[in-house]
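**Student:** My structure is in structure39.csv, and what it holds is CSV, C-alpha atoms:
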chain,number,residue,atom,x,y,z
A,174,MET,CA,0.0,0.0,0.0
A,175,THR,CA,1.5,3.3,-1.1
A,176,ILE,CA,1.2,6.0,1.6
A,177,ILE,CA,3.4,8.8,0.1
A,178,GLU,CA,3.5,9.8,-3.5
A,179,VAL,CA,5.9,12.4,-4.8
A,180,GLU,CA,5.7,13.2,-8.5
A,181,ASN,CA,7.9,15.7,-10.4
A,182,LEU,CA,8.6,17.8,-7.3
A,183,HIS,CA,10.3,21.1,-8.0
A,184,LYS,CA,11.6,23.7,-5.6
A,185,ARG,CA,13.9,26.6,-6.1
A,186,TYR,CA,15.3,29.4,-3.9
A,187,GLY,CA,15.9,32.4,-6.1
A,188,GLU,CA,18.2,31.2,-8.9
A,189,HIS,CA,19.2,28.0,-7.0
A,190,VAL,CA,17.2,24.9,-7.9
A,191,ALA,CA,17.1,22.7,-4.7
A,192,VAL,CA,14.8,20.0,-6.0
A,193,ASP,CA,14.5,19.2,-9.7
A,194,ASP,CA,11.8,16.9,-10.9
A,195,VAL,CA,12.0,14.4,-8.0
A,196,SER,CA,9.6,11.4,-8.0
A,197,PHE,CA,9.3,8.5,-5.5
A,198,SER,CA,6.8,6.6,-3.4
A,199,VAL,CA,6.8,5.2,0.1
A,200,ASP,CA,5.0,2.0,1.0
A,201,LYS,CA,3.3,1.3,4.3
A,202,GLY,CA,5.5,-0.5,6.9
A,203,GLU,CA,8.9,0.2,5.3
A,204,ILE,CA,11.9,2.3,6.2
A,205,PHE,CA,12.4,4.4,3.1
A,206,GLY,CA,15.7,6.2,2.9
A,207,ILE,CA,16.6,9.4,1.1
A,208,LEU,CA,20.4,9.3,0.7
A,209,GLY,CA,22.7,11.9,-0.7
A,210,PRO,CA,25.5,14.4,0.1
A,211,ASN,CA,24.9,17.6,1.9
A,212,GLY,CA,23.0,20.1,-0.2
A,213,ALA,CA,21.5,17.4,-2.5
A,214,GLY,CA,17.9,18.5,-1.8
A,215,LYS,CA,17.0,15.8,0.8
A,216,THR,CA,15.7,18.1,3.5
A,217,THR,CA,13.8,20.3,1.1
A,218,SER,CA,12.1,17.3,-0.3
A,219,VAL,CA,10.9,16.0,3.0
A,220,GLU,CA,9.9,19.5,4.2
A,221,CYS,CA,7.5,19.5,1.2
A,222,ILE,CA,6.1,16.1,2.4
A,223,GLU,CA,5.7,17.6,5.9
A,224,GLY,CA,3.9,20.7,4.6
A,225,LEU,CA,6.6,23.0,5.9
A,226,ARG,CA,7.4,24.2,2.4
A,227,GLN,CA,5.3,24.9,-0.7
A,228,PRO,CA,6.6,23.2,-3.9
A,229,ASP,CA,7.0,25.3,-7.0
A,230,GLY,CA,5.9,22.4,-9.1
A,231,GLY,CA,4.8,18.8,-9.1
A,232,THR,CA,2.5,17.0,-6.6
A,233,VAL,CA,2.9,15.5,-3.2
A,234,ARG,CA,0.3,13.3,-1.6
A,235,VAL,CA,0.5,11.7,1.9
A,236,PHE,CA,-2.5,9.3,2.5
A,237,GLY,CA,-4.0,11.1,-0.4
A,238,LEU,CA,-3.8,14.5,1.3
A,239,ASP,CA,-2.0,17.6,0.0
A,240,PRO,CA,0.5,18.5,2.8
A,241,ALA,CA,0.3,22.2,2.0
A,242,ARG,CA,-3.6,22.4,1.9
A,243,ASP,CA,-4.4,19.7,4.4
A,244,ARG,CA,-1.5,20.3,6.9
A,245,THR,CA,-3.7,20.3,10.0
A,246,ALA,CA,-5.2,16.9,9.2
A,247,LEU,CA,-1.9,15.5,8.2
A,248,THR,CA,-0.1,16.5,11.4
A,249,GLN,CA,-2.4,14.1,13.2
A,250,ARG,CA,-1.0,11.2,11.1
A,251,LEU,CA,2.7,12.3,10.5
A,252,GLY,CA,5.4,13.0,13.0
A,253,ALA,CA,8.6,14.8,12.2
A,254,GLN,CA,12.1,14.9,13.8
A,255,LEU,CA,13.7,18.0,12.2
A,256,GLN,CA,17.3,18.3,11.2
A,257,GLU,CA,17.7,21.1,13.6
A,258,SER,CA,15.5,21.6,16.7
A,259,ALA,CA,15.7,22.8,20.2
A,260,LEU,CA,13.5,23.2,23.3
A,261,GLN,CA,13.3,25.7,26.0
A,262,GLU,CA,16.4,25.0,28.1
A,263,LYS,CA,14.6,24.5,31.5
A,264,LEU,CA,11.8,22.3,30.1
A,265,LYS,CA,12.0,18.9,31.6
A,266,VAL,CA,11.7,15.7,29.6
A,267,ALA,CA,8.3,14.7,31.0
A,268,GLU,CA,7.0,18.3,30.6
A,269,ALA,CA,8.0,18.3,26.9
A,270,ILE,CA,6.2,15.0,26.3
A,271,ASP,CA,3.0,16.3,28.1
A,272,LEU,CA,3.1,19.6,26.1
A,273,TYR,CA,3.4,17.9,22.7
A,274,SER,CA,0.8,15.3,23.7
A,275,SER,CA,-1.7,18.2,24.1
A,276,PHE,CA,-1.4,19.0,20.4
A,277,TYR,CA,-2.9,15.7,19.3
A,278,GLU,CA,-6.3,14.1,19.3
A,279,ASN,CA,-5.1,10.6,20.1
A,280,PRO,CA,-1.6,10.9,21.6
A,281,ALA,CA,0.6,8.0,22.6
A,282,ASP,CA,1.1,7.0,26.2
A,283,GLY,CA,3.8,9.4,27.4
A,284,ASP,CA,5.1,7.2,30.1
A,285,GLU,CA,5.4,4.2,27.7
A,286,LEU,CA,7.2,6.4,25.2
A,287,ILE,CA,9.7,7.6,27.8
A,288,GLU,CA,10.4,4.0,28.7
A,289,LEU,CA,10.7,2.9,25.0
A,290,LEU,CA,13.2,5.6,24.3
A,291,GLY,CA,15.3,4.9,27.4
A,292,LEU,CA,14.6,8.2,29.0
A,293,ALA,CA,12.9,7.0,32.2
A,294,SER,CA,15.8,8.1,34.4
A,295,LYS,CA,15.8,11.5,32.7
A,296,ARG,CA,12.0,12.3,33.0
A,297,ASP,CA,12.7,15.2,35.4
A,298,THR,CA,15.9,16.4,33.8
A,299,GLN,CA,16.0,19.8,32.1
A,300,TYR,CA,16.6,19.8,28.3
A,301,ARG,CA,19.9,21.8,28.8
A,302,LYS,CA,21.3,19.0,30.9
A,303,LEU,CA,20.7,16.1,28.4
A,304,SER,CA,23.5,14.6,26.4
A,305,GLY,CA,23.5,14.8,22.6
A,306,GLY,CA,22.2,11.2,22.4
A,307,GLN,CA,19.5,11.9,25.0
A,308,LYS,CA,18.3,15.0,23.1
A,309,GLN,CA,18.1,13.0,19.9
A,310,ARG,CA,16.0,10.4,21.7
A,311,LEU,CA,13.7,13.1,23.1
A,312,SER,CA,13.3,14.5,19.6
A,313,ILE,CA,12.3,11.0,18.4
A,314,ALA,CA,9.8,10.8,21.3
A,315,LEU,CA,8.3,14.1,20.3
A,316,ALA,CA,8.0,12.9,16.7
A,317,LEU,CA,6.1,9.8,17.9
A,318,VAL,CA,4.0,11.3,20.7
A,319,GLY,CA,1.1,12.0,18.3
A,320,ASN,CA,0.8,8.3,17.5
A,321,PRO,CA,1.7,8.9,13.9
A,322,GLU,CA,1.4,6.4,11.1
A,323,ILE,CA,4.5,7.9,9.5
A,324,ALA,CA,7.6,9.3,11.1
A,325,VAL,CA,10.0,11.5,9.1
A,326,LEU,CA,13.5,11.5,10.7
A,327,ASP,CA,16.0,14.0,9.2
A,328,GLU,CA,19.7,13.4,9.8
A,329,LEU,CA,18.9,11.3,12.8
A,330,THR,CA,22.4,10.5,14.1
A,331,THR,CA,24.6,13.4,13.0
A,332,GLY,CA,26.9,14.3,15.9
A,333,LEU,CA,26.4,11.2,17.9
A,334,ASP,CA,29.2,8.9,19.0
A,335,PRO,CA,29.4,5.4,17.5
A,336,GLN,CA,27.6,3.6,20.3
A,337,ALA,CA,24.8,6.2,20.5
A,338,ARG,CA,24.4,5.8,16.7
A,339,ARG,CA,24.0,2.0,17.0
A,340,ASP,CA,21.6,2.4,19.9
A,341,THR,CA,19.5,4.8,17.9
A,342,TRP,CA,19.5,2.4,14.9
A,343,ALA,CA,18.1,-0.4,17.1
A,344,LEU,CA,15.5,2.0,18.5
A,345,ILE,CA,14.3,3.0,14.9
A,346,GLU,CA,14.0,-0.7,14.0
A,347,SER,CA,11.8,-1.2,17.1
A,348,VAL,CA,9.7,1.8,16.2
A,349,ARG,CA,9.1,0.3,12.7
A,350,ASP,CA,8.2,-3.1,14.3
A,351,ARG,CA,5.5,-1.2,16.2
A,352,GLY,CA,3.8,-0.4,12.9
A,353,VAL,CA,5.2,3.1,12.1
A,354,SER,CA,6.4,3.7,8.6
A,355,ILE,CA,9.6,5.7,8.5
A,356,VAL,CA,11.2,8.1,6.0
A,357,LEU,CA,14.8,8.4,6.9
A,358,VAL,CA,17.0,11.3,5.6
A,359,THR,CA,20.7,10.6,5.9
A,360,HIS,CA,24.1,11.1,4.3
A,361,PHE,CA,25.6,8.2,6.2
A,362,MET,CA,26.1,5.1,4.0
A,363,ASP,CA,26.3,2.6,6.9
A,364,GLU,CA,23.1,4.0,8.4
A,365,ALA,CA,21.3,3.6,5.1
A,366,GLU,CA,22.6,0.1,4.6
A,367,ARG,CA,21.7,-1.0,8.1
A,368,LEU,CA,18.2,0.5,8.3
A,369,CYS,CA,16.6,1.1,4.9
A,370,ASP,CA,14.3,-1.3,3.0
A,371,ARG,CA,14.6,0.9,-0.1
A,372,LEU,CA,16.5,4.0,-0.9
A,373,ALA,CA,16.2,7.1,-3.2
A,374,LEU,CA,19.6,8.2,-4.1
A,375,ILE,CA,19.5,12.0,-4.6
A,376,ASP,CA,22.3,14.1,-6.1
A,377,ARG,CA,22.1,17.8,-7.2
A,378,GLY,CA,18.3,17.9,-6.6
A,379,ARG,CA,17.6,14.8,-8.8
A,380,VAL,CA,16.8,11.2,-8.1
A,381,VAL,CA,19.7,9.1,-9.5
A,382,ALA,CA,18.3,5.7,-8.6
A,383,ILE,CA,15.7,4.0,-6.3
A,384,ASP,CA,16.2,0.4,-5.1
A,385,THR,CA,17.1,-1.7,-2.1
A,386,PRO,CA,20.6,-1.2,-0.8
A,387,ASP,CA,21.7,-4.5,-2.3
A,388,GLY,CA,19.9,-3.7,-5.5
A,389,LEU,CA,21.8,-0.4,-5.9
A,390,VAL,CA,25.1,-2.3,-5.4
A,391,GLN,CA,24.1,-4.8,-8.0
A,392,GLN,CA,23.2,-2.1,-10.4
A,393,VAL,CA,26.9,-1.1,-10.6
A,394,GLY,CA,28.2,-4.7,-10.8
A,395,GLY,CA,28.6,-5.7,-7.1
A,396,GLU,CA,32.2,-6.8,-7.7
A,397,GLN,CA,34.5,-8.1,-5.0
A,398,LYS,CA,38.2,-7.4,-4.8
A,399,ILE,CA,40.6,-10.1,-3.6
A,400,ARG,CA,44.0,-8.7,-2.5
A,401,PHE,CA,46.9,-10.9,-1.5
A,402,ARG,CA,50.6,-11.6,-1.9
A,403,PRO,CA,51.3,-14.9,-3.7
A,404,SER,CA,53.7,-17.2,-1.9
A,405,SER,CA,55.5,-18.0,-5.1
A,406,ARG,CA,55.7,-17.0,-8.8
A,407,LEU,CA,52.3,-17.1,-10.4
A,408,ASP,CA,51.1,-16.8,-14.0
A,409,GLU,CA,48.3,-14.2,-14.0
A,410,SER,CA,46.5,-16.1,-16.7
A,411,VAL,CA,45.7,-18.8,-14.2
A,412,LEU,CA,43.5,-16.3,-12.3
A,413,ALA,CA,42.2,-14.4,-15.4
A,414,ALA,CA,40.7,-17.7,-16.6
A,415,VAL,CA,38.7,-18.2,-13.5
A,416,PRO,CA,34.9,-17.8,-14.2
A,417,GLY,CA,33.6,-14.4,-12.9
A,418,VAL,CA,37.0,-12.7,-12.8
A,419,SER,CA,37.0,-9.3,-14.6
A,420,SER,CA,40.5,-8.2,-14.0
A,421,VAL,CA,43.9,-9.2,-12.5
A,422,THR,CA,46.3,-6.4,-11.6
A,423,TRP,CA,49.4,-5.8,-9.5
A,424,ASP,CA,49.6,-3.3,-6.7
A,425,GLY,CA,53.2,-3.4,-5.6
A,426,ASP,CA,53.8,-6.9,-4.3
A,427,TYR,CA,50.0,-7.6,-4.1
A,428,LEU,CA,47.8,-9.2,-6.7
A,429,VAL,CA,44.3,-7.7,-6.9
A,430,VAL,CA,41.6,-9.9,-8.5
A,431,ALA,CA,38.2,-8.3,-9.2
A,432,GLY,CA,35.1,-10.3,-10.0
A,433,ALA,CA,31.5,-11.2,-9.2
A,434,GLY,CA,29.5,-14.2,-8.2
A,435,ASP,CA,31.4,-17.1,-6.6
A,436,VAL,CA,34.7,-15.7,-7.5
A,437,VAL,CA,36.3,-15.9,-4.1
A,438,PRO,CA,36.2,-19.7,-3.6
A,439,LEU,CA,37.0,-20.2,-7.3
A,440,VAL,CA,40.1,-18.1,-7.0
A,441,VAL,CA,41.2,-19.9,-3.9
A,442,THR,CA,40.7,-23.2,-5.7
A,443,ALA,CA,42.8,-22.0,-8.6
A,444,LEU,CA,45.6,-20.9,-6.3
A,445,ASN,CA,45.5,-24.3,-4.5
A,446,ASN,CA,45.7,-26.1,-7.8
A,447,ALA,CA,48.7,-23.9,-8.8
A,448,GLN,CA,50.3,-24.7,-5.4
A,449,VAL,CA,50.3,-21.0,-4.5
A,450,ALA,CA,49.2,-19.7,-1.1
A,451,PRO,CA,47.5,-16.3,-0.7
A,452,ILE,CA,49.4,-14.4,2.0
A,453,ASP,CA,47.7,-11.5,3.8
A,454,MET,CA,44.5,-12.2,1.8
A,455,ARG,CA,41.7,-9.6,2.1
A,456,VAL,CA,38.4,-9.6,0.4
A,457,ASP,CA,36.6,-6.2,-0.1
A,458,GLN,CA,32.9,-6.5,-1.0
A,459,ALA,CA,31.3,-3.7,-3.1
A,460,ASN,CA,29.1,-1.6,-0.9
A,461,LEU,CA,26.6,1.3,-1.0
A,462,GLU,CA,29.4,3.9,-1.2
A,463,ASP,CA,30.8,2.2,-4.2
A,464,ALA,CA,27.4,2.3,-5.8
A,465,PHE,CA,26.9,6.0,-5.0
A,466,VAL,CA,30.3,6.9,-6.5
A,467,ALA,CA,29.6,4.8,-9.6
A,468,LEU,CA,26.1,6.3,-10.1
A,469,THR,CA,27.0,10.0,-9.4
A,470,GLY,CA,30.7,10.4,-9.8
A,471,TRP,CA,30.9,12.0,-6.4
A,472,GLN,CA,33.0,10.7,-3.5
A,473,PHE,CA,31.9,11.2,0.1
A,474,ASP,CA,34.8,12.3,2.3
A,475,ALA,CA,35.2,12.1,6.0
A,476,ALA,CA,34.5,15.8,6.4
A,477,ASP,CA,31.3,15.6,4.5
A,478,GLN,CA,30.1,12.8,6.6
A,479,GLN,CA,30.4,15.0,9.7
A,480,LYS,CA,28.5,18.1,8.5
A,481,ASP,CA,25.1,18.8,9.9
A,482,GLN,CA,23.4,20.3,6.9
A,483,GLY,CA,21.3,18.3,4.4
Taking this structure as input, can you express it in the form of structure tokens?
**Tutor:**
Amino acid sequence: MTIIEVENLHKRYGEHVAVDDVSFSVDKGEIFGILGPNGAGKTTSVECIEGLRQPDGGTVRVFGLDPARDRTALTQRLGAQLQESALQEKLKVAEAIDLYSSFYENPADGDELIELLGLASKRDTQYRKLSGGQKQRLSIALALVGNPEIAVLDELTTGLDPQARRDTWALIESVRDRGVSIVLVTHFMDEAERLCDRLALIDRGRVVAIDTPDGLVQQVGGEQKIRFRPSSRLDESVLAAVPGVSSVTWDGDYLVVAGAGDVVPLVVTALNNAQVAPIDMRVDQANLEDAFVALTGWQFDAADQQKDQG
């Protein structure tokens, strides 16, 4: 069942085109990811879904509703965790939950939500005294307090330490298991691979591809690279003849064999038959970042992965 339909969405700010003819749909019960580098148009796209921005062109429907025209009705069914948000510094966790609950006709059980998000020990703690991870958990709680059917989570784990990120991922999976469909905006490849059932890959305001994480990798070949030092002299043609091998190259003292399918066991068998042992062998599997680079020509760097803007 399709619950979000975006068709030919267009949005510009002056001369800058932020979203250029974007189309995708989201099905009930899935975690749908919108993945791309900073400035790709991810946040603008979801803000149009949330009714926070008016598109310049195209159509957006959520449960058949127009977010701009039917925003009041939609807010009862859609919860949002914004990329940047803050509460009054002295507001306590339980007070924030109670305040936001008052905005909805059928709010969730606030105490149960506080327990679910691991904030029970912080219910009487002021917002200013929460850690970064606790603030993120509270923002998720506020997105869920209206008992939404859809939760839009924008750059969910930016700024969190590795353990807090993994804890948050497990939390999101548990939220989905409770029946909430999720739209996840991210520029973290590992986050998208871990959480998303399907992904829209967005670059420069356009959708480059839509598929499962594995499907995107397969679109660009899904090759594996086997890197090792041969224990003795080896004729490269022995490995080049192995089914599935696409290339055999030298990198200093190391042989690098690229290929798809069952290439790893077949290469190992070929080496065994040639009485050559692979020393310091490493196998690198193609991943989502490889697919992104192949599909867009862009390379995410470490600095880009740490920025807060989408």
**Student:** Using CA of Glu462 (chain A) and CA of Gln336 (chain A) as the two end points, give the distance in Å to one decimal.
**Tutor:**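 Taking CA of Glu462 (chain A) and CA of Gln336 (chain A), their separation equals 21.6 Å.
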**Student:** I'd like to know which of A:Ala324, A:Leu412, A:Asp229, A:Leu461 is closest to Glu364 (chain A), using all atoms listed in the file.
**Tutor:**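 Closest residue, counting all atoms listed in the file: A:Leu461.
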**Student:** For region 315-317 of chain A, work out the shell of residues within 7 Å, counting all atoms listed in the file and skipping chain neighbours fewer than 6 positions away, then give it as a compact mmCIF listing (two decimals) with C-alpha atoms, in the frame of the given file.
**Tutor:**
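Result file is around_31.txt:
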# COMPACT_ATOMS: atom_id res chain seq x y z
CA GLY A 252 5.40 13.00 13.00
CA ALA A 253 8.60 14.80 12.20
CA GLN A 254 12.10 14.90 13.80
CA ILE A 270 6.20 15.00 26.30
CA TYR A 273 3.40 17.90 22.70
CA ALA A 324 7.60 9.30 11.10
**Student:** If you measure from CA of Pro386 (chain A) to CA of Ile207 (chain A), what distance in Å do you get, rounded to one decimal?
**Tutor:**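 Those two atoms sit 11.5 Å apart.
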**Student:** Can you work out which one of A:Asn446, A:Thr469, A:Ser404, A:Thr232 has the shortest atom-to-atom distance to Leu428 (chain A), counting only C-alpha atoms?
**Tutor:** A:Ser404
**Student:** Pick out the closest residue to Lys308 (chain A) from this set: A:Leu329, A:Ile323, A:Val436, A:Val390. Count only C-alpha atoms.
**Tutor:**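 The shortest atom-to-atom distance to Lys308 (chain A) comes from A:Leu329.
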**Student:** What gap, in Å, lies between CA of Leu468 (chain A) and CA of Leu368 (chain A)?
**Tutor:** 20.8 Å
**Student:** Between A:Gln299, A:Leu286, A:Gln397, A:Thr216, single out the one closest to Arg351 (chain A), counting all atoms listed in the file.
**Tutor:** A:Leu286
**Student:** Can you tell me which residues surround Ser275 (chain A) at a distance of at most 12 Å, considering only C-alpha atoms, apart from same-chain residues fewer than 6 positions away, and format the answer as a ChimeraX atom specification?
**Tutor:** /A:249,268-269,281-283,315,318-319
**Student:** Let me make sure I understand: among A:Gly432, A:Pro335, A:Gly237, A:Gly305, which one has the smallest atom-to-atom distance to Glu178 (chain A) if we use all atoms listed in the file?
**Tutor:** A:Gly237
**Student:** Looking at A:Thr330, A:Thr341, A:Thr217, A:Gln227, which one is nearest to Phe361 (chain A), with distances taken over all atoms listed in the file?
**Tutor:**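 When distances to Phe361 (chain A) are compared using all atoms listed in the file, the smallest one comes from A:Thr330.
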**Student:** Could you give me, as a count of residues only, the residues within 10 Å of Ala267 (chain A), counting all atoms listed in the file and dropping anything in the same chain fewer than 6 positions from it?
**Tutor:** 11
**Student:** Could you please fill out region 210-234 of chain A with N, CA and C atoms and send it back as a CSV table (one decimal), in the frame of the given file?
**Tutor:**
chain,number,residue,atom,x,y,z
A,210,PRO,N,24.5,13.5,-0.6
A,210,PRO,CA,25.5,14.4,0.1
A,210,PRO,C,24.8,15.6,0.6
A,211,ASN,N,25.5,16.4,1.4
A,211,ASN,CA,24.9,17.6,1.9
A,211,ASN,C,24.6,18.6,0.7
A,212,GLY,N,23.4,19.2,0.8
A,212,GLY,CA,23.0,20.1,-0.2
A,212,GLY,C,22.4,19.5,-1.4
A,213,ALA,N,22.1,18.2,-1.4
A,213,ALA,CA,21.5,17.4,-2.5
A,213,ALA,C,20.0,17.7,-2.7
A,214,GLY,N,19.4,18.3,-1.7
A,214,GLY,CA,17.9,18.5,-1.8
A,214,GLY,C,17.1,17.6,-0.9
A,215,LYS,N,17.7,16.8,-0.1
A,215,LYS,CA,17.0,15.8,0.8
A,215,LYS,C,16.0,16.5,1.7
A,216,THR,N,16.5,17.4,2.5
A,216,THR,CA,15.7,18.1,3.5
A,216,THR,C,14.6,18.9,2.9
A,217,THR,N,14.9,19.6,1.8
A,217,THR,CA,13.8,20.3,1.1
A,217,THR,C,12.7,19.4,0.6
A,218,SER,N,13.1,18.2,0.1
A,218,SER,CA,12.1,17.3,-0.3
A,218,SER,C,11.1,16.8,0.8
A,219,VAL,N,11.7,16.5,1.9
A,219,VAL,CA,10.9,16.0,3.0
A,219,VAL,C,10.1,17.1,3.7
A,220,GLU,N,10.6,18.4,3.6
A,220,GLU,CA,9.9,19.5,4.2
A,220,GLU,C,8.6,19.8,3.3
A,221,CYS,N,8.7,19.4,2.0
A,221,CYS,CA,7.5,19.5,1.2
A,221,CYS,C,6.5,18.4,1.6
A,222,ILE,N,7.0,17.2,1.9
A,222,ILE,CA,6.1,16.1,2.4
A,222,ILE,C,5.5,16.5,3.7
A,223,GLU,N,6.2,17.2,4.6
A,223,GLU,CA,5.7,17.6,5.9
A,223,GLU,C,4.7,18.8,5.9
A,224,GLY,N,4.7,19.5,4.7
A,224,GLY,CA,3.9,20.7,4.6
A,224,GLY,C,4.6,21.9,5.1
A,225,LEU,N,5.9,21.8,5.4
A,225,LEU,CA,6.6,23.0,5.9
A,225,LEU,C,7.1,23.9,4.7
A,226,ARG,N,7.1,23.4,3.5
A,226,ARG,CA,7.4,24.2,2.4
A,226,ARG,C,6.4,23.9,1.2
A,227,GLN,N,6.2,25.0,0.5
A,227,GLN,CA,5.3,24.9,-0.7
A,227,GLN,C,6.1,24.6,-1.9
A,228,PRO,N,5.8,23.5,-2.6
A,228,PRO,CA,6.6,23.2,-3.9
A,228,PRO,C,6.3,24.2,-4.9
A,229,ASP,N,7.2,24.4,-5.8
A,229,ASP,CA,7.0,25.3,-7.0
A,229,ASP,C,6.4,24.6,-8.1
A,230,GLY,N,6.5,23.2,-8.1
A,230,GLY,CA,5.9,22.4,-9.1
A,230,GLY,C,5.8,21.0,-8.7
A,231,GLY,N,5.0,20.2,-9.4
A,231,GLY,CA,4.8,18.8,-9.1
A,231,GLY,C,3.8,18.6,-8.0
A,232,THR,N,3.6,17.4,-7.6
A,232,THR,CA,2.5,17.0,-6.6
A,232,THR,C,3.1,16.2,-5.5
A,233,VAL,N,2.6,16.4,-4.3
A,233,VAL,CA,2.9,15.5,-3.2
A,233,VAL,C,1.6,15.1,-2.5
A,234,ARG,N,1.5,13.8,-2.2
A,234,ARG,CA,0.3,13.3,-1.6
A,234,ARG,C,0.7,12.3,-0.5
